[in-house]
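Visitor: Provided herewith: start-v1.pdb, PDB, C-alpha atoms.
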```
MODEL        1
ATOM      1  CA  MET A  18       1.495 -19.613 -76.441
ATOM      2  CA  SER A  19       1.449 -21.298 -79.838
ATOM      3  CA  ASN A  20      -0.434 -19.674 -82.676
ATOM      4  CA  GLY A  21      -1.068 -22.972 -84.473
ATOM      5  CA  GLU A  22       2.087 -23.383 -86.540
ATOM      6  CA  ALA A  23       3.666 -26.783 -87.135
ATOM      7  CA  ALA A  24       5.709 -28.215 -84.279
ATOM      8  CA  PRO A  25       9.454 -27.462 -84.450
ATOM      9  CA  GLU A  26      11.915 -30.346 -84.568
ATOM     10  CA  THR A  27      14.562 -29.192 -82.090
ATOM     11  CA  ILE A  28      15.010 -27.092 -78.961
ATOM     12  CA  ASP A  29      16.877 -24.466 -81.005
ATOM     13  CA  GLU A  30      13.984 -24.233 -83.459
ATOM     14  CA  GLU A  31      11.490 -24.002 -80.623
ATOM     15  CA  PHE A  32      13.258 -21.407 -78.457
ATOM     16  CA  GLY A  33      16.397 -20.205 -80.251
ATOM     17  CA  SER A  34      14.848 -17.212 -82.022
ATOM     18  CA  THR A  35      12.631 -16.182 -79.074
ATOM     19  CA  THR A  36      13.760 -12.950 -77.412
ATOM     20  CA  ASP A  37      13.852 -12.730 -73.628
ATOM     21  CA  ASP A  38      10.864 -10.366 -73.650
ATOM     22  CA  GLU A  39       8.863 -12.681 -75.904
ATOM     23  CA  PHE A  40       9.720 -15.640 -73.707
ATOM     24  CA  ASP A  41       8.712 -13.772 -70.538
ATOM     25  CA  ASP A  42       5.361 -12.829 -72.091
ATOM     26  CA  ASP A  43       4.789 -16.420 -73.146
ATOM     27  CA  GLU A  44       5.733 -17.672 -69.669
ATOM     28  CA  GLN A  45       3.127 -15.408 -68.107
ATOM     29  CA  ALA A  46       0.479 -16.691 -70.510
ATOM     30  CA  TRP A  47       1.316 -20.306 -69.670
ATOM     31  CA  LYS A  48       1.461 -19.442 -65.966
ATOM     32  CA  ARG A  49      -2.107 -18.098 -66.110
ATOM     33  CA  TYR A  50      -3.286 -21.085 -68.134
ATOM     34  CA  GLU A  51      -1.748 -23.622 -65.753
ATOM     35  CA  PHE A  52      -3.035 -21.771 -62.683
ATOM     36  CA  GLU A  53      -6.612 -21.701 -63.945
ATOM     37  CA  GLY A  54      -6.611 -25.483 -64.280
ATOM     38  CA  LEU A  55      -5.668 -26.090 -60.645
ATOM     39  CA  SER A  56      -7.955 -26.828 -57.724
ATOM     40  CA  PRO A  57      -8.528 -23.942 -55.257
ATOM     41  CA  GLU A  58      -6.312 -25.747 -52.735
ATOM     42  CA  MET A  59      -3.445 -26.052 -55.211
ATOM     43  CA  GLN A  60      -3.927 -22.469 -56.366
ATOM     44  CA  GLU A  61      -3.413 -21.326 -52.786
ATOM     45  CA  LYS A  62      -0.227 -23.403 -52.493
ATOM     46  CA  ILE A  63       1.100 -22.029 -55.780
ATOM     47  CA  VAL A  64       0.462 -18.442 -54.663
ATOM     48  CA  GLN A  65       2.411 -19.135 -51.465
ATOM     49  CA  LEU A  66       5.297 -20.676 -53.402
ATOM     50  CA  GLN A  67       5.435 -17.803 -55.863
ATOM     51  CA  ALA A  68       5.631 -15.358 -52.983
ATOM     52  CA  GLN A  69       8.375 -17.472 -51.382
ATOM     53  CA  PHE A  70      10.488 -17.533 -54.547
ATOM     54  CA  ALA A  71       9.770 -13.986 -55.773
ATOM     55  CA  THR A  72      12.828 -12.432 -54.107
ATOM     56  CA  LEU A  73      15.318 -15.030 -55.330
ATOM     57  CA  ASP A  74      18.060 -14.027 -57.737
ATOM     58  CA  ASN A  75      17.496 -16.051 -60.909
ATOM     59  CA  LEU A  76      21.173 -15.939 -61.866
ATOM     60  CA  VAL A  77      23.341 -18.875 -60.839
ATOM     61  CA  THR A  78      26.490 -18.054 -58.883
ATOM     62  CA  ASP A  79      28.510 -20.973 -60.315
ATOM     63  CA  ARG A  80      27.907 -21.214 -64.063
ATOM     64  CA  LEU A  81      30.165 -24.232 -64.556
ATOM     65  CA  ASP A  82      28.413 -26.211 -61.814
ATOM     66  CA  ALA A  83      25.006 -25.272 -63.250
ATOM     67  CA  ASP A  84      25.970 -26.282 -66.785
ATOM     68  CA  LEU A  85      27.340 -29.629 -65.594
ATOM     69  CA  THR A  86      24.230 -30.258 -63.501
ATOM     70  CA  PHE A  87      21.897 -29.585 -66.422
ATOM     71  CA  ASP A  88      24.097 -31.465 -68.913
ATOM     72  CA  ASN A  89      24.113 -34.585 -66.756
ATOM     73  CA  LEU A  90      20.309 -34.626 -66.726
ATOM     74  CA  GLU A  91      19.521 -33.370 -70.214
ATOM     75  CA  THR A  92      22.166 -35.096 -72.348
ATOM     76  CA  ASP A  93      22.640 -38.466 -70.601
ATOM     77  CA  TYR A  94      20.158 -41.332 -70.578
ATOM     78  CA  VAL A  95      19.609 -42.698 -67.054
ATOM     79  CA  PRO A  96      17.365 -45.779 -66.662
ATOM     80  CA  PRO A  97      14.980 -46.131 -63.720
ATOM     81  CA  GLU A  98      16.646 -47.303 -60.529
ATOM     82  CA  GLU A  99      16.813 -51.071 -59.993
ATOM     83  CA  GLU A 100      15.309 -51.893 -63.379
ATOM     84  CA  ILE A 101      15.815 -55.346 -64.896
ATOM     85  CA  VAL A 102      15.283 -55.813 -68.636
ATOM     86  CA  PRO A 103      15.656 -59.458 -69.704
ATOM     87  CA  PRO A 104      18.592 -60.049 -72.084
ATOM     88  CA  GLU A 105      16.251 -61.691 -74.586
ATOM     89  CA  ASP A 106      14.606 -58.314 -75.212
ATOM     90  CA  GLN A 107      16.999 -57.559 -78.072
ATOM     91  CA  ALA A 108      14.746 -54.858 -79.476
ATOM     92  CA  TYR A 109      15.089 -52.873 -76.269
ATOM     93  CA  HIS A 110      18.874 -52.787 -76.482
ATOM     94  CA  GLU A 111      18.570 -51.149 -79.917
ATOM     95  CA  ILE A 112      15.967 -48.741 -78.545
ATOM     96  CA  LYS A 113      18.298 -47.782 -75.703
ATOM     97  CA  GLU A 114      21.152 -47.088 -78.120
ATOM     98  CA  THR A 115      18.884 -44.746 -80.092
ATOM     99  CA  THR A 116      17.848 -42.931 -76.914
ATOM    100  CA  GLU A 117      21.466 -42.492 -75.822
ATOM    101  CA  ALA A 118      22.325 -41.023 -79.235
ATOM    102  CA  GLN A 119      19.380 -38.625 -79.187
ATOM    103  CA  LYS A 120      20.190 -37.490 -75.651
ATOM    104  CA  ASP A 121      23.774 -36.819 -76.793
ATOM    105  CA  ALA A 122      22.350 -34.630 -79.565
ATOM    106  CA  VAL A 123      20.684 -32.337 -77.028
ATOM    107  CA  ALA A 124      24.166 -31.040 -76.168
ATOM    108  CA  GLN A 125      24.352 -29.569 -79.687
ATOM    109  CA  GLN A 126      21.494 -27.188 -78.921
ATOM    110  CA  GLY A 127      22.297 -23.643 -77.816
ATOM    111  CA  ARG A 128      22.668 -22.925 -74.116
ATOM    112  CA  ALA A 129      20.236 -20.003 -74.240
ATOM    113  CA  ALA A 130      17.550 -22.072 -75.968
ATOM    114  CA  ARG A 131      18.023 -24.930 -73.514
ATOM    115  CA  SER A 132      17.704 -22.490 -70.610
ATOM    116  CA  LYS A 133      14.323 -21.341 -71.893
ATOM    117  CA  MET A 134      13.298 -24.940 -72.542
ATOM    118  CA  ARG A 135      14.033 -26.086 -68.985
ATOM    119  CA  GLN A 136      12.312 -23.082 -67.415
ATOM    120  CA  ARG A 137       9.230 -23.863 -69.512
ATOM    121  CA  ALA A 138       9.395 -27.534 -68.494
ATOM    122  CA  ALA A 139       9.555 -26.591 -64.811
ATOM    123  CA  LEU A 140       6.570 -24.280 -65.180
ATOM    124  CA  ILE A 141       4.455 -26.897 -66.945
ATOM    125  CA  LEU A 142       5.407 -29.693 -64.568
ATOM    126  CA  LEU A 143       5.445 -27.825 -61.254
ATOM    127  CA  GLY A 144       3.109 -24.903 -61.926
ATOM    128  CA  VAL A 145       5.587 -22.244 -60.753
ATOM    129  CA  VAL A 146       7.969 -19.951 -62.642
ATOM    130  CA  ILE A 147      11.424 -21.023 -61.423
ATOM    131  CA  GLY A 148      14.713 -19.287 -62.110
ATOM    132  CA  GLU A 149      17.845 -21.250 -62.950
ATOM    133  CA  ALA A 150      19.458 -20.831 -59.524
ATOM    134  CA  LEU A 151      16.600 -22.635 -57.789
ATOM    135  CA  LEU A 152      16.274 -25.116 -60.655
ATOM    136  CA  VAL A 153      19.896 -26.231 -60.116
ATOM    137  CA  TYR A 154      19.006 -26.945 -56.486
ATOM    138  CA  LEU A 155      15.855 -28.831 -57.488
ATOM    139  CA  VAL A 156      17.792 -31.041 -59.903
ATOM    140  CA  LYS A 157      20.265 -31.969 -57.163
ATOM    141  CA  VAL A 158      17.837 -32.362 -54.278
ATOM    142  CA  ARG A 159      16.652 -35.929 -54.934
ATOM    143  CA  GLN A 160      20.102 -37.288 -55.676
ATOM    144  CA  ALA A 161      21.602 -35.726 -52.546
ATOM    145  CA  ASN A 162      20.681 -33.257 -49.848
ATOM    146  CA  PRO A 163      22.614 -30.145 -50.857
ATOM    147  CA  ALA A 164      22.860 -27.293 -48.395
ATOM    148  CA  PRO A 165      21.223 -24.059 -49.572
ATOM    149  CA  SER A 166      23.748 -21.650 -51.024
ATOM    150  CA  GLY A 167      23.927 -18.233 -52.584
ATOM    151  CA  ASP A 168      20.568 -16.476 -52.526
ATOM    152  CA  ILE A 169      18.663 -19.636 -51.523
ATOM    153  CA  THR A 170      17.762 -19.801 -47.830
ATOM    154  CA  GLN A 171      16.761 -22.862 -45.837
ATOM    155  CA  ALA A 172      13.160 -21.620 -45.988
ATOM    156  CA  ASP A 173      13.400 -21.506 -49.791
ATOM    157  CA  ALA A 174      14.869 -25.011 -49.839
ATOM    158  CA  ASP A 175      12.090 -26.332 -47.585
ATOM    159  CA  ALA A 176       9.458 -24.718 -49.796
ATOM    160  CA  ALA A 177      11.068 -26.234 -52.899
ATOM    161  CA  LYS A 178      11.000 -29.709 -51.354
ATOM    162  CA  ALA A 179       7.363 -29.215 -50.365
ATOM    163  CA  MET A 180       6.596 -28.181 -53.949
ATOM    164  CA  LEU A 181       8.094 -31.431 -55.249
ATOM    165  CA  ASP A 182       6.099 -33.392 -52.669
ATOM    166  CA  ASN A 183       2.889 -31.700 -53.866
ATOM    167  CA  TRP A 184       3.799 -32.529 -57.456
ATOM    168  CA  ARG A 185       4.497 -36.169 -56.613
ATOM    169  CA  GLY A 186       1.111 -36.376 -54.900
ATOM    170  CA  GLN A 187      -0.794 -35.252 -57.992
ATOM    171  CA  PRO A 188      -2.877 -38.130 -59.437
ATOM    172  CA  ASP A 189      -1.058 -39.597 -62.420
ATOM    173  CA  PRO A 190      -4.050 -39.528 -64.828
ATOM    174  CA  ALA A 191      -4.431 -35.785 -64.248
ATOM    175  CA  PHE A 192      -0.684 -35.266 -64.492
ATOM    176  CA  TRP A 193      -0.332 -37.008 -67.867
ATOM    177  CA  ALA A 194      -3.466 -35.307 -69.178
ATOM    178  CA  GLY A 195      -1.831 -31.973 -68.374
ATOM    179  CA  VAL A 196       1.357 -32.913 -70.227
ATOM    180  CA  ALA A 197      -0.696 -34.049 -73.240
ATOM    181  CA  ASP A 198      -2.635 -30.795 -73.228
ATOM    182  CA  TYR A 199       0.543 -28.715 -73.082
ATOM    183  CA  VAL A 200       2.452 -30.434 -75.895
ATOM    184  CA  GLU A 201      -0.534 -30.109 -78.223
ATOM    185  CA  LYS A 202      -1.323 -26.492 -77.406
ATOM    186  CA  ALA A 203       2.335 -25.409 -77.445
ATOM    187  CA  HIS A 204       3.377 -27.577 -80.419
ATOM    188  CA  ALA A 205       6.379 -28.552 -78.294
ATOM    189  CA  SER A 206       9.302 -30.119 -80.131
ATOM    190  CA  LEU A 207       9.918 -33.834 -79.673
ATOM    191  CA  GLN A 208      13.384 -32.964 -78.405
ATOM    192  CA  SER A 209      12.143 -30.719 -75.610
ATOM    193  CA  GLN A 210       9.518 -33.314 -74.666
ATOM    194  CA  MET A 211      12.264 -35.937 -74.408
ATOM    195  CA  VAL A 212      14.241 -33.704 -72.054
ATOM    196  CA  MET A 213      11.096 -33.030 -70.014
ATOM    197  CA  MET A 214      10.778 -36.768 -69.396
ATOM    198  CA  GLY A 215      14.274 -36.709 -67.892
ATOM    199  CA  TYR A 216      13.200 -34.032 -65.418
ATOM    200  CA  ILE A 217      10.187 -36.100 -64.407
ATOM    201  CA  LYS A 218      12.436 -39.115 -63.757
ATOM    202  CA  ASN A 219      14.838 -36.952 -61.749
ATOM    203  CA  TRP A 220      12.120 -35.692 -59.423
ATOM    204  CA  VAL A 221      10.326 -38.923 -58.578
ATOM    205  CA  ALA A 222      11.721 -42.286 -57.489
ATOM    206  CA  ALA A 223      10.722 -45.631 -58.974
ATOM    207  CA  ASP A 224      10.394 -48.916 -57.131
ATOM    208  CA  PRO A 225      12.360 -51.891 -58.544
ATOM    209  CA  ILE A 226      10.823 -53.274 -61.729
ATOM    210  CA  THR A 227      11.507 -56.480 -63.666
ATOM    211  CA  TRP A 228      10.104 -56.434 -67.189
ATOM    212  CA  GLY A 229       8.702 -59.412 -69.096
ATOM    213  CA  PRO A 230      10.696 -60.949 -71.982
ATOM    214  CA  THR A 231       9.771 -58.253 -74.540
ATOM    215  CA  GLU A 232       7.500 -56.114 -72.396
ATOM    216  CA  LYS A 233       9.546 -52.930 -72.311
ATOM    217  CA  SER A 234      10.296 -52.763 -76.028
ATOM    218  CA  ASP A 235       6.666 -53.639 -76.790
ATOM    219  CA  ASP A 236       5.479 -50.772 -74.601
ATOM    220  CA  VAL A 237       7.887 -48.281 -76.191
ATOM    221  CA  LEU A 238       6.823 -49.248 -79.703
ATOM    222  CA  ALA A 239       3.145 -49.046 -78.711
ATOM    223  CA  LEU A 240       3.739 -45.459 -77.603
ATOM    224  CA  THR A 241       5.439 -44.545 -80.877
ATOM    225  CA  ARG A 242       2.477 -45.985 -82.776
ATOM    226  CA  ALA A 243       0.084 -43.891 -80.665
ATOM    227  CA  VAL A 244       1.526 -40.749 -82.254
ATOM    228  CA  ALA A 245       1.406 -42.071 -85.828
ATOM    229  CA  PRO A 246      -1.288 -40.481 -88.059
ATOM    230  CA  PRO A 247      -4.096 -39.953 -87.333
ATOM    231  CA  GLY A 248      -2.711 -39.710 -83.794
ATOM    232  CA  HIS A 249      -1.605 -36.490 -82.121
ATOM    233  CA  ALA A 250       1.413 -35.557 -79.983
ATOM    234  CA  GLY A 251      -0.542 -35.841 -76.752
ATOM    235  CA  ASP A 252      -1.837 -39.321 -77.522
ATOM    236  CA  MET A 253       1.409 -40.847 -76.269
ATOM    237  CA  TYR A 254       0.802 -39.455 -72.788
ATOM    238  CA  ARG A 255      -2.851 -40.456 -72.787
ATOM    239  CA  ARG A 256      -1.769 -43.961 -73.778
ATOM    240  CA  VAL A 257       0.978 -44.283 -71.153
ATOM    241  CA  ALA A 258      -1.436 -43.149 -68.424
ATOM    242  CA  GLY A 259      -3.456 -46.314 -69.071
ATOM    243  CA  MET A 260      -0.553 -48.755 -69.311
ATOM    244  CA  GLN A 261       0.049 -51.357 -66.602
ATOM    245  CA  HIS A 262       2.794 -53.648 -65.342
ATOM    246  CA  SER A 263       1.856 -56.750 -63.364
ATOM    247  CA  GLY A 264      -1.734 -55.517 -63.164
ATOM    248  CA  ALA A 265      -0.908 -52.095 -61.664
ATOM    249  CA  PRO A 266      -0.611 -48.649 -63.307
ATOM    250  CA  LEU A 267       2.915 -47.681 -64.277
ATOM    251  CA  GLN A 268       4.868 -45.613 -61.792
ATOM    252  CA  ARG A 269       5.367 -42.058 -63.013
ATOM    253  CA  ALA A 270       9.127 -42.403 -63.462
ATOM    254  CA  VAL A 271       8.703 -45.673 -65.355
ATOM    255  CA  ALA A 272       6.043 -44.149 -67.603
ATOM    256  CA  ALA A 273       8.302 -41.146 -68.277
ATOM    257  CA  ASP A 274      11.152 -43.504 -69.157
ATOM    258  CA  LEU A 275       9.008 -45.282 -71.746
ATOM    259  CA  CYS A 276       7.966 -41.931 -73.223
ATOM    260  CA  GLU A 277      11.591 -40.771 -73.293
ATOM    261  CA  HIS A 278      12.478 -43.823 -75.383
ATOM    262  CA  ALA A 279       9.444 -43.422 -77.644
ATOM    263  CA  LEU A 280      10.259 -39.763 -78.283
ATOM    264  CA  ALA A 281      13.850 -40.679 -79.182
ATOM    265  CA  GLN A 282      12.500 -43.257 -81.622
ATOM    266  CA  LEU A 283      10.225 -40.662 -83.225
ATOM    267  CA  ILE A 284      13.091 -38.166 -83.550
ATOM    268  CA  ALA A 285      15.294 -40.788 -85.178
ATOM    269  CA  GLN A 286      12.502 -41.818 -87.556
ATOM    270  CA  GLY A 287      12.055 -38.190 -88.589
ATOM    271  CA  GLN A 288      15.770 -37.812 -89.228
ATOM    272  CA  SER A 289      15.962 -40.969 -91.333
ATOM    273  CA  GLY A 290      12.946 -39.896 -93.376
ATOM    274  CA  SER A 291      14.173 -36.380 -94.112
TER     275      SER A 291
ENDMDL
END
```
Please rewrite the model in this file as structure tokens.

Guide:
Amino acid sequence: MSNGEAAPETIDEEFGSTTDDEFDDDEQAWKRYEFEGLSPEMQEKIVQLQAQFATLDNLVTDRLDADLTFDNLETDYVPPEEEIVPPEDQAYHEIKETTEAQKDAVAQQGRAARSKMRQRAALILLGVVIGEALLVYLVKVRQANPAPSGDITQADADAAKAMLDNWRGQPDPAFWAGVADYVEKAHASLQSQMVMMGYIKNWVAADPITWGPTEKSDDVLALTRAVAPPGHAGDMYRRVAGMQHSGAPLQRAVAADLCEHALAQLIAQGQSGS
């Protein structure tokens, strides 16, 4: 866990110089921290899942397929399903272009660093240490219904789906509070946070949404301002947890999409100011 240094700017800076042993030690520390914050009921479920996944081989059997699967999620911007942004929201179109450029830049980060980043994201979001082989399956499972392969049995696949269902059922205020707590304690890079938002969107569906004339761009810019001094990294997530659309709290995938855009804006602002 972080020792209080300034937050790194990129995934490579955050994880690139971390040895495998150092990363494993840090994962165990975060695993204990996340576990202690769960309810007794969720702790019991996590223990069962960890036992279920303990015998899995973490190594993927098809490296090319795994890399393509992760690249499609981590380096491409994908808007929420059935989203309508009015054409008069010109500011949003510029925001989207910035997000697409910053997602492209993730591909420039080292594969090893990105592997550590996504394993950390899965642990923080789902509460379980997950190897890459199972993570490939989890990325694919909402977009399709892939048959278990390699070391993954049908029982493993069923447990993984149940884990995602448990995660989706977590109250959103508690979920976003946990993300805020993590990024501040870990001094997570803006780039890794942006990628984390993509994983959230991949694992939870969003109902159709039609934004007001400048509503989406206004929301994104409000989130970027939440982080401006004297704000802190986690303030964005605390802010988005309280946002509404048409009088109702934002769906998790929609909220993650706004944060993804806001993080891209913050990265771009940092680059232009350096």

Visitor: Rounded to one decimal, what separation in Å do you get between CA of Tyr199 in chain A and CA of Glu53 in chain A?

Guide: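 CA of Glu53 in chain A lies 13.6 Å from CA of Tyr199 in chain A.
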
Visitor: Between A:Ala279, A:Val145, A:Leu55, A:Leu85, which is the closest to Met214 in chain A once you count all atoms listed in the file?

Guide: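 Closest to Met214 in chain A of all the choices is A:Ala279.
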
Visitor: Can you pull out the residues contacting Glu111 in chain A? Cut-off 12 Å, using only C-alpha atoms, and skip same-chain residues under 3 positions away; I want them as a PyMOL selection string.

Guide: chain A and resi 104+106-108+114-118+233-234+237-238+278+281-282

Visitor: When the PyMOL selection byres ((chain A and resi 48-51) around 8) is applied to the file above, which residues end up in the set, as a list in words?

Guide: Glu44, Gln45, Ala46, Trp47, Phe52, Glu53, Gly54, Leu55, Leu140, Ile141, Gly144, Val145 and Val146 of chain A

Visitor: Could the residues in this selection be written to a file with C-alpha atoms, as a compact mmCIF listing (two decimals), in the coordinates of the input?

Guide:
```txt
# COMPACT_ATOMS: atom_id res chain seq x y z
CA GLU A 44 5.73 -17.67 -69.67
CA GLN A 45 3.13 -15.41 -68.11
CA ALA A 46 0.48 -16.69 -70.51
CA TRP A 47 1.32 -20.31 -69.67
CA PHE A 52 -3.04 -21.77 -62.68
CA GLU A 53 -6.61 -21.70 -63.94
CA GLY A 54 -6.61 -25.48 -64.28
CA LEU A 55 -5.67 -26.09 -60.64
CA LEU A 140 6.57 -24.28 -65.18
CA ILE A 141 4.46 -26.90 -66.94
CA GLY A 144 3.11 -24.90 -61.93
CA VAL A 145 5.59 -22.24 -60.75
CA VAL A 146 7.97 -19.95 -62.64
```

Visitor: Name the closest residue to Ala197 in chain A among the candidates A:Glu31, A:Glu26, A:Asp121, A:Asp252; distances are taken between atoms, counting all atoms listed in the file.

Guide: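 Smallest distance to Ala197 in chain A is found for A:Asp252.
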
Visitor: Enter the distance from CA of Asn219 in chain A to CA of Ala265 in chain A, in Å, rounded to one decimal.

Guide: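 Those two atoms sit 21.8 Å apart.
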
Visitor: Measuring atom to atom with all atoms listed in the file, identify which of A:Thr86, A:Thr241, A:Ser132, A:Gln268 is nearest to Val158 in chain A.

Guide: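 So, comparing all the options, the nearest one is A:Thr86.
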
Visitor: Rank nothing, just name the residue among A:Tyr109, A:Tyr216, A:Tyr94, A:Phe87 nearest to Arg131 in chain A, using all atoms listed in the file.

Guide: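 Comparing A:Tyr109, A:Tyr216, A:Tyr94, A:Phe87 against Arg131 in chain A, the winner is A:Phe87.
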
Visitor: Name the residues that the PyMOL selection byres ((chain A and resi 220) around 8) pulls out of this structure, and write them as a list in words.

Guide: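 Selection result, ordered by chain and number: Val156, Arg159, Leu181, Tyr216, Ile217, Lys218, Asn219, Val221 and Ala222 of chain A.
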
Visitor: Padding of 3 Å on every side, edges along x, y and z, all listed atoms of range 265-282 of chain A included: what centre and edge lengths in Å, to one decimal, does that box have, as AutoDock Vina command-line options?

Guide:
```
--center_x 6.5 --center_y -45.9 --center_z -71.6 --size_x 20.8 --size_y 18.3 --size_z 26.0
```

Visitor: List as a list of chain:residue names the protein and nucleic acid residues near Asp82 in chain A, meaning an atom at most 12 Å away when only C-alpha atoms are counted, but skip any in the same chain fewer than 2 places from it.

Guide: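 The residues that qualify are A:Val77, A:Thr78, A:Asp79, A:Arg80, A:Asp84, A:Leu85, A:Thr86, A:Phe87, A:Asp88, A:Asn89, A:Glu149, A:Ala150, A:Val153, A:Tyr154, A:Val156, A:Lys157.
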
Visitor: Translate the PyMOL selection byres ((chain A and resi 226) around 6) into a concrete residue list for this structure, as a PyMOL selection string.

Guide: chain A and resi 100+225+227

Visitor: Between A:Leu155, A:Val271, A:Ala83, A:Ala176, which is the closest to Trp228 in chain A once you count only C-alpha atoms?

Guide: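 Using only C-alpha atoms, the shortest distance to Trp228 in chain A belongs to A:Val271.
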
Visitor: Quick one: of A:Leu151, A:Leu81, A:Leu207, A:Ala139, who's nearest to Ala177 in chain A, counting all atoms listed in the file?

Guide: A:Leu151

Visitor: Between CA of Ala258 in chain A and CA of Asp189 in chain A, what is the distance in Å, rounded to a tenth?

Guide: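 Between CA of Ala258 in chain A and CA of Asp189 in chain A the gap works out to 7.0 Å.
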
Visitor: Could you pull the residues within 10 Å of range 192-195 of chain A, counting only C-alpha atoms, minus those fewer than 3 positions along the same chain, as a list of chain:residue names?

Guide: A:Glu51, A:Gly54, A:Ile141, A:Leu142, A:Trp184, A:Arg185, A:Gly186, A:Gln187, A:Pro188, A:Asp189, A:Asp198, A:Tyr199, A:Val200, A:Gly251, A:Asp252, A:Met253, A:Tyr254, A:Arg255, A:Arg256, A:Val257, A:Ala258, A:Gly259, A:Arg269, A:Ala272, A:Ala273
